[in-house]
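See below for the structure under consideration.
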Amino acid sequence: MKLLTSLIALGFAAQPALADPDPADWSAVLNEARGQTVFWNAWGGSTATNDFIAWAGRRVAEDYGVTVEHVKLTDTADAVTRVLSEKQAGRNEGGAIDMIWINGPNFAAMKDADLLFGPFAEALPNWQFVDVEGKTVQNDFTVPTDGFEAPWAMAQVVFMHDTDDLETPLGSMAAIRDWATANPGRFTYPQPPDFLGVTFLKQVLIDITEDAEILQRPATDANYDAVTDPLWAYLDTLTPALWRSGRTYPANGPAQLQLIADNEIDLAISFSPGEASTAIESGQLPPSVRTFVLDKGTLGNASFVAIPYNSSSKAGAMVLADFLMSPEAQLRAQDPAILGYGTVLSMASLPEADRAAFDALELGIATLSPAELGQVLAEPDPSWMTRIAEDWTRRYGTGQ
Amino acid sequence: MTKGLPLRALPALTLLAMLGPVAAGLWGTVLPAFGHFPVAGQSGPSLDPIRHLLDWPGLGKAIWLSVFTGVTATVVSLGLVVLITAGWWGTRTFRALERILSPLLSVPHAAAAFGLAFLIAPSGWFARIASPVLTGWDRPPDWLIVNDPWGLSLVAGLVAKEVPFLLLMTLAALGQSDGTRGLRVAQALGYGRLTGWVKCVFPRVYAQIRLPVFVVLAFGMSVVDVAVILGPSTPPPLSVQILRWMNDPDLSQRLTAAAGALLQLALVLGTLGVWILAERAIGAAGRRWTARGGRGRFETGLRWIGFVTGGASAIAVLAGLSGLVVWSFAGFWAFPDALPGGFGLRNWNRHWPGITDAFTDTAVVALVSAGLALALVIGCLEAETRSGRTLTRRGLWLLYLPLLVPQTAFLPGLQTLLLSLGADRGLGPVIAAHLVFVLPYVFLSLGDPWRAWDQRNARVAASLGATPAAVLWRVRLPMLLRPILTAVAVGVAVSVGQYLPTLLIGGGRVATLTTEAVALASGGDRRAIGVYAVAQTAAALLPFAAALAIPALMWRNRRGLHG
């Protein structure tokens, strides 16, 4: 009797381990994935991205029998919170989330708390095409990915400007401040802690600071004030000249597109070099919009997908993650008529036909060529982002 | 329903369905507010969450915003309703106003807010129509109108939605307060129409609409979706900030959120208390004013203010919705063009798959919760009829209780509680959460027609040998088909408009037209917002159309039942 109960207990204990699919055995993964439903939690504020996700869902349903449900988040942190609370509540299987579009502090938090399944990313079949040499696909805001998230798009900061009102590119954050103060009310940025808003703050900091190297290490109480003082001085000058005098801010990136289209502002930050072309294509931006980067370069990073440790459709999620890295999906994502996201693949390792298709792709009227995009600057350590966002809220976000 | 016992149990069951989640949710809020939150590895009691809350630099302003916007919206809405009813009741103009205001009741708050935001923004429709000919603007002025730090746009959005609600409540109350004769006597004594109504009829009406006024006050102080769209953001009102804390990746912020939720509850209760004191003071002053016997001044001016503002608020919502319809078909639309450069079905094609998915969830949740509510309400009313005991004043308070407790005060706690029970997902919990809000409205909507039904019909049926159950099923329910369908339509509209319960309790897996629309709103893409807001409004309005059409078809040969 005792033996029986311990056997049963053993059986139950072993089950999660047995149930976890092994990406090295890809055909087993494909078998298991068939019929699974993947709840992909991804920010839902951008119609272009939502359409792309819907398309990817249709394609994996056709090819692999995997159903994808897009859970549209207003904030990626919602998904992180949810997995965390599931773990705390003892829900170690059958969690509500199967895949998250993630990067930066959210990834660091999840990896830290052992909330992720993996490593899986580097065992996926399409990993062979990924550009591990030239693109930051194995580091996420200085945190090593270790295969716990799979890259699917490259992002780099560009500035969108309406050439009808602001003709020539501005080469530095100081030039942007000077232009903004000379043209009050025509520039703004998304309200931190929105990630693009915080990205703007980091871009300011990295561009005006003497020693950008220090940002690669965690912020300390000793150096934080000295490093960020120039940032607050910059913002103190800029804020009164912002749209609505900085008394309200757009909620996020896409909200800025509407402001440009309404001719309320002439300059806005974007984290996607192709976003402007895509938005012109869909009628969200006027055709007069172009993009520029700063002389010293701009911040860049990759967008990833990760799988929570308690997902019930890990195989399906891996199939979807692999599909997102496929030349077919990457080509579509880079097409400015669709999404305009940079590819994570290395042209050199692609088969001839795929490479030709990428070469043939029109990048779009407002998209800079890879050469024009220039220097990609590495993201600072996540600790800077957290502290700067908190301080920003205290200084500018509470009507003080 | 033929057995006596389950019928007698129904009122208790209804109360449980309505108040159980509220009580459980408040309990789930109180614990973390005092530092007890095992899910995040915290066990209390401790005052740290409250300390964190007090440390937040925006707290004072957020509290002030909640109180100011809630109270102002309530005072303005009530004042408008009084001006409209006092000045115009019984006239053809009043019926016209009533006819354009009533459908607005079912327009979801979020859709009305989007529409209004597009109308009044410096780059909005009004500015576009007036530019550049009248204004000389070829680019919009840098004016802070939407999201203004005083929350005035938010107040406007709330007023536009609350005026129809209070007006319908007033009309229902008028039927029971013998207003016509009172007004006639006052006018015969030489009082102006407006003054006579306010002095003579209003005190009786107000006694009846007091609870709906409290609902408007509590709602205005704690609304989330309208505040996100129209309200200020640096800082936002307290309710929005609570949601931000709830969504923080740092789980310990949930404790701050819980402390904030308790503060929100205290604020609403405190403001209601002050309101009740003010009622007494105004009542006393009003009695003196009435006793002085003034026959009324500024009558004409006040009547027209009521007419113009009431009409304007209706037109604002309708024009806003039209603006959204236009956006949903728009190509590129530059400022200051009054209309888009091109029209097409592109936006609708693009969002159609998403809409059909969201529509299914919306319809299932709305129909099931409205259906359950209807069954419970009919059960309660039938139990009331058979026992001969009608709803007491205290019973009425219980009915209104779920509408008076701020959603942000108990929904986060309810979500945490469901999560620790492992029952935190799928349609079931969402339907249960919607039921909390749908039940009171269905009850209020069906209660009066039910009690007004002519009991002699039942006696005739009984004398012909019908059992009580047969009277219910074969006489009463068919005759009340129209009010029953209207009550279902009200329930569906309430469910369709729910944002926070769907978002928090559904764990992201239940996507209704409202949650999708608010998620898209954060992206500011007016075409997408237009498509979803139109779909959302249609989903809320369709059942009302059905409630008109079905009885007309079924009873096409029974004119007396067209009611």
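Please note that chains go A, B, ... in the order of the structure tokens, that every chain numbers its residues from 1, and that ligands are numbered from 1 in the order shown.
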
Exercise for the section: From the DSSP assignment of the backbone, select every residue of segment 47-266 of chain A that is alpha helix (DSSP H), and format the answer as number ranges by chain. Expected result: A: 47-64, 76-88, 105-112, 173-182, 195-208, 221-238, 253-261

Practice task
Kindly provide, as a ChimeraX atom specification, the residues of chain A having any atom no farther than 7 Å from an atom of chain B, counting only C-alpha atoms.
Solution key: /A:44-46,71,73-74,77-78,80-81,85,88-89,185,243-244,247-248,251-252,254-255,258,261-264,283-284,394,397-399

Write the residues you've just listed into a file as an mmCIF file, in the first residue's frame, and include C-alpha atoms for each of them.
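Below is the file that was written, selection-v4.cif:
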data_model
loop_
_atom_site.group_PDB
_atom_site.id
_atom_site.type_symbol
_atom_site.label_atom_id
_atom_site.label_comp_id
_atom_site.auth_asym_id
_atom_site.auth_seq_id
_atom_site.Cartn_x
_atom_site.Cartn_y
_atom_site.Cartn_z
ATOM 1 C CA GLY A 44 -2.464 45.433 -28.250
ATOM 2 C CA GLY A 45 -2.251 49.165 -28.843
ATOM 3 C CA SER A 46 -0.847 49.003 -32.389
ATOM 4 C CA VAL A 71 -4.466 38.541 -25.557
ATOM 5 C CA LEU A 73 -2.390 43.893 -23.207
ATOM 6 C CA THR A 74 -2.328 47.572 -22.409
ATOM 7 C CA ALA A 77 3.736 44.147 -16.971
ATOM 8 C CA ASP A 78 0.144 42.826 -16.632
ATOM 9 C CA VAL A 80 4.343 39.365 -15.755
ATOM 10 C CA THR A 81 2.196 40.116 -12.712
ATOM 11 C CA SER A 85 0.719 35.662 -8.898
ATOM 12 C CA GLN A 88 2.625 32.396 -5.672
ATOM 13 C CA ALA A 89 -0.844 30.852 -5.680
ATOM 14 C CA GLY A 185 4.206 73.031 -28.295
ATOM 15 C CA TRP A 243 3.137 70.036 -26.335
ATOM 16 C CA ARG A 244 0.565 71.275 -23.780
ATOM 17 C CA ARG A 247 0.940 69.164 -18.476
ATOM 18 C CA THR A 248 -0.269 66.058 -20.252
ATOM 19 C CA ALA A 251 -0.106 57.583 -23.454
ATOM 20 C CA ASN A 252 2.308 55.702 -25.716
ATOM 21 C CA PRO A 254 1.067 55.129 -31.432
ATOM 22 C CA ALA A 255 -0.779 57.962 -29.698
ATOM 23 C CA GLN A 258 -2.344 60.579 -34.227
ATOM 24 C CA ALA A 261 -1.500 63.303 -38.269
ATOM 25 C CA ASP A 262 -3.603 65.973 -36.536
ATOM 26 C CA ASN A 263 -0.689 68.395 -37.020
ATOM 27 C CA GLU A 264 -0.507 68.925 -33.259
ATOM 28 C CA GLY A 283 -3.159 56.519 -43.719
ATOM 29 C CA GLN A 284 -2.201 57.081 -40.084
ATOM 30 C CA ARG A 394 7.962 62.377 -8.971
ATOM 31 C CA GLY A 397 4.179 63.188 -13.469
ATOM 32 C CA THR A 398 2.302 64.346 -10.401
ATOM 33 C CA GLY A 399 1.607 67.968 -11.110
#

Practice task
Choose the residue, out of B:Phe34, B:Val163, B:Ser369, B:Ile63, that has the smallest atom-to-atom separation from Val240 of chain B; count only C-alpha atoms.
Solution key: B:Ile63

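One distance worth recording is that between atom CA of Gly104 of chain A and atom CA of Leu255 of chain B, which is 24.4 Å.
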
Handout entry: Residues within 8 Å of segment 471-478 of chain B, only C-alpha atoms, excluding chain neighbours under 2 positions, as a count of residues only
Key = 12

Exercise for the section: Please provide the set of residues having any atom within 9 Å of segment 348-352 of chain A, restricted to only C-alpha atoms, with same-chain residues fewer than 5 positions apart removed, written as a PyMOL selection string. Expected result: chain A and resi 128-131+327+357

Take the residues that were just selected and, keeping C-alpha atoms, output them as a PDB file, in the first residue's frame.
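Output below, filename out18.pdb:
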ATOM      1  CA  GLN A 128      20.393  28.715 -37.604  1.00  0.00           C
ATOM      2  CA  PHE A 129      19.463  31.828 -39.620  1.00  0.00           C
ATOM      3  CA  VAL A 130      19.615  34.268 -36.692  1.00  0.00           C
ATOM      4  CA  ASP A 131      22.352  36.893 -36.790  1.00  0.00           C
ATOM      5  CA  PRO A 327      12.354  33.807 -43.276  1.00  0.00           C
ATOM      6  CA  ALA A 357      13.359  38.291 -51.423  1.00  0.00           C
TER       7      ALA A 357
END

Handout entry: segment 376-392 of chain A surroundings by only C-alpha atoms, 7 Å radius, close-in-sequence under 4 positions cut, as JSON, numbers by chain
Key = {"A": [104, 105, 141, 142, 192, 193, 198, 215, 216, 217, 218, 219, 297, 298, 299, 300, 301, 396, 397]}

Could the residues in this selection be written to a file with C-alpha atoms, as a PDB file, in the first residue's frame?
ATOM      1  CA  GLY A 104      14.095  44.550 -20.841  1.00  0.00           C
ATOM      2  CA  PRO A 105      13.106  44.827 -17.192  1.00  0.00           C
ATOM      3  CA  PHE A 141      19.255  45.249 -21.810  1.00  0.00           C
ATOM      4  CA  THR A 142      22.627  43.764 -20.777  1.00  0.00           C
ATOM      5  CA  PRO A 192       6.831  57.385 -18.556  1.00  0.00           C
ATOM      6  CA  PRO A 193       6.638  54.680 -17.267  1.00  0.00           C
ATOM      7  CA  VAL A 198      11.494  55.856 -20.685  1.00  0.00           C
ATOM      8  CA  LEU A 215      25.353  53.167 -17.824  1.00  0.00           C
ATOM      9  CA  GLN A 216      26.297  49.592 -18.711  1.00  0.00           C
ATOM     10  CA  ARG A 217      26.770  48.807 -15.023  1.00  0.00           C
ATOM     11  CA  PRO A 218      23.993  48.858 -12.427  1.00  0.00           C
ATOM     12  CA  ALA A 219      23.118  52.260 -10.986  1.00  0.00           C
ATOM     13  CA  GLY A 297      23.871  56.813 -32.805  1.00  0.00           C
ATOM     14  CA  THR A 298      20.645  55.715 -31.138  1.00  0.00           C
ATOM     15  CA  LEU A 299      19.521  52.999 -28.748  1.00  0.00           C
ATOM     16  CA  GLY A 300      18.680  49.626 -30.199  1.00  0.00           C
ATOM     17  CA  ASN A 301      17.400  46.320 -28.896  1.00  0.00           C
ATOM     18  CA  TYR A 396       6.982  65.747 -13.805  1.00  0.00           C
ATOM     19  CA  GLY A 397       4.179  63.188 -13.469  1.00  0.00           C
TER      20      GLY A 397
END
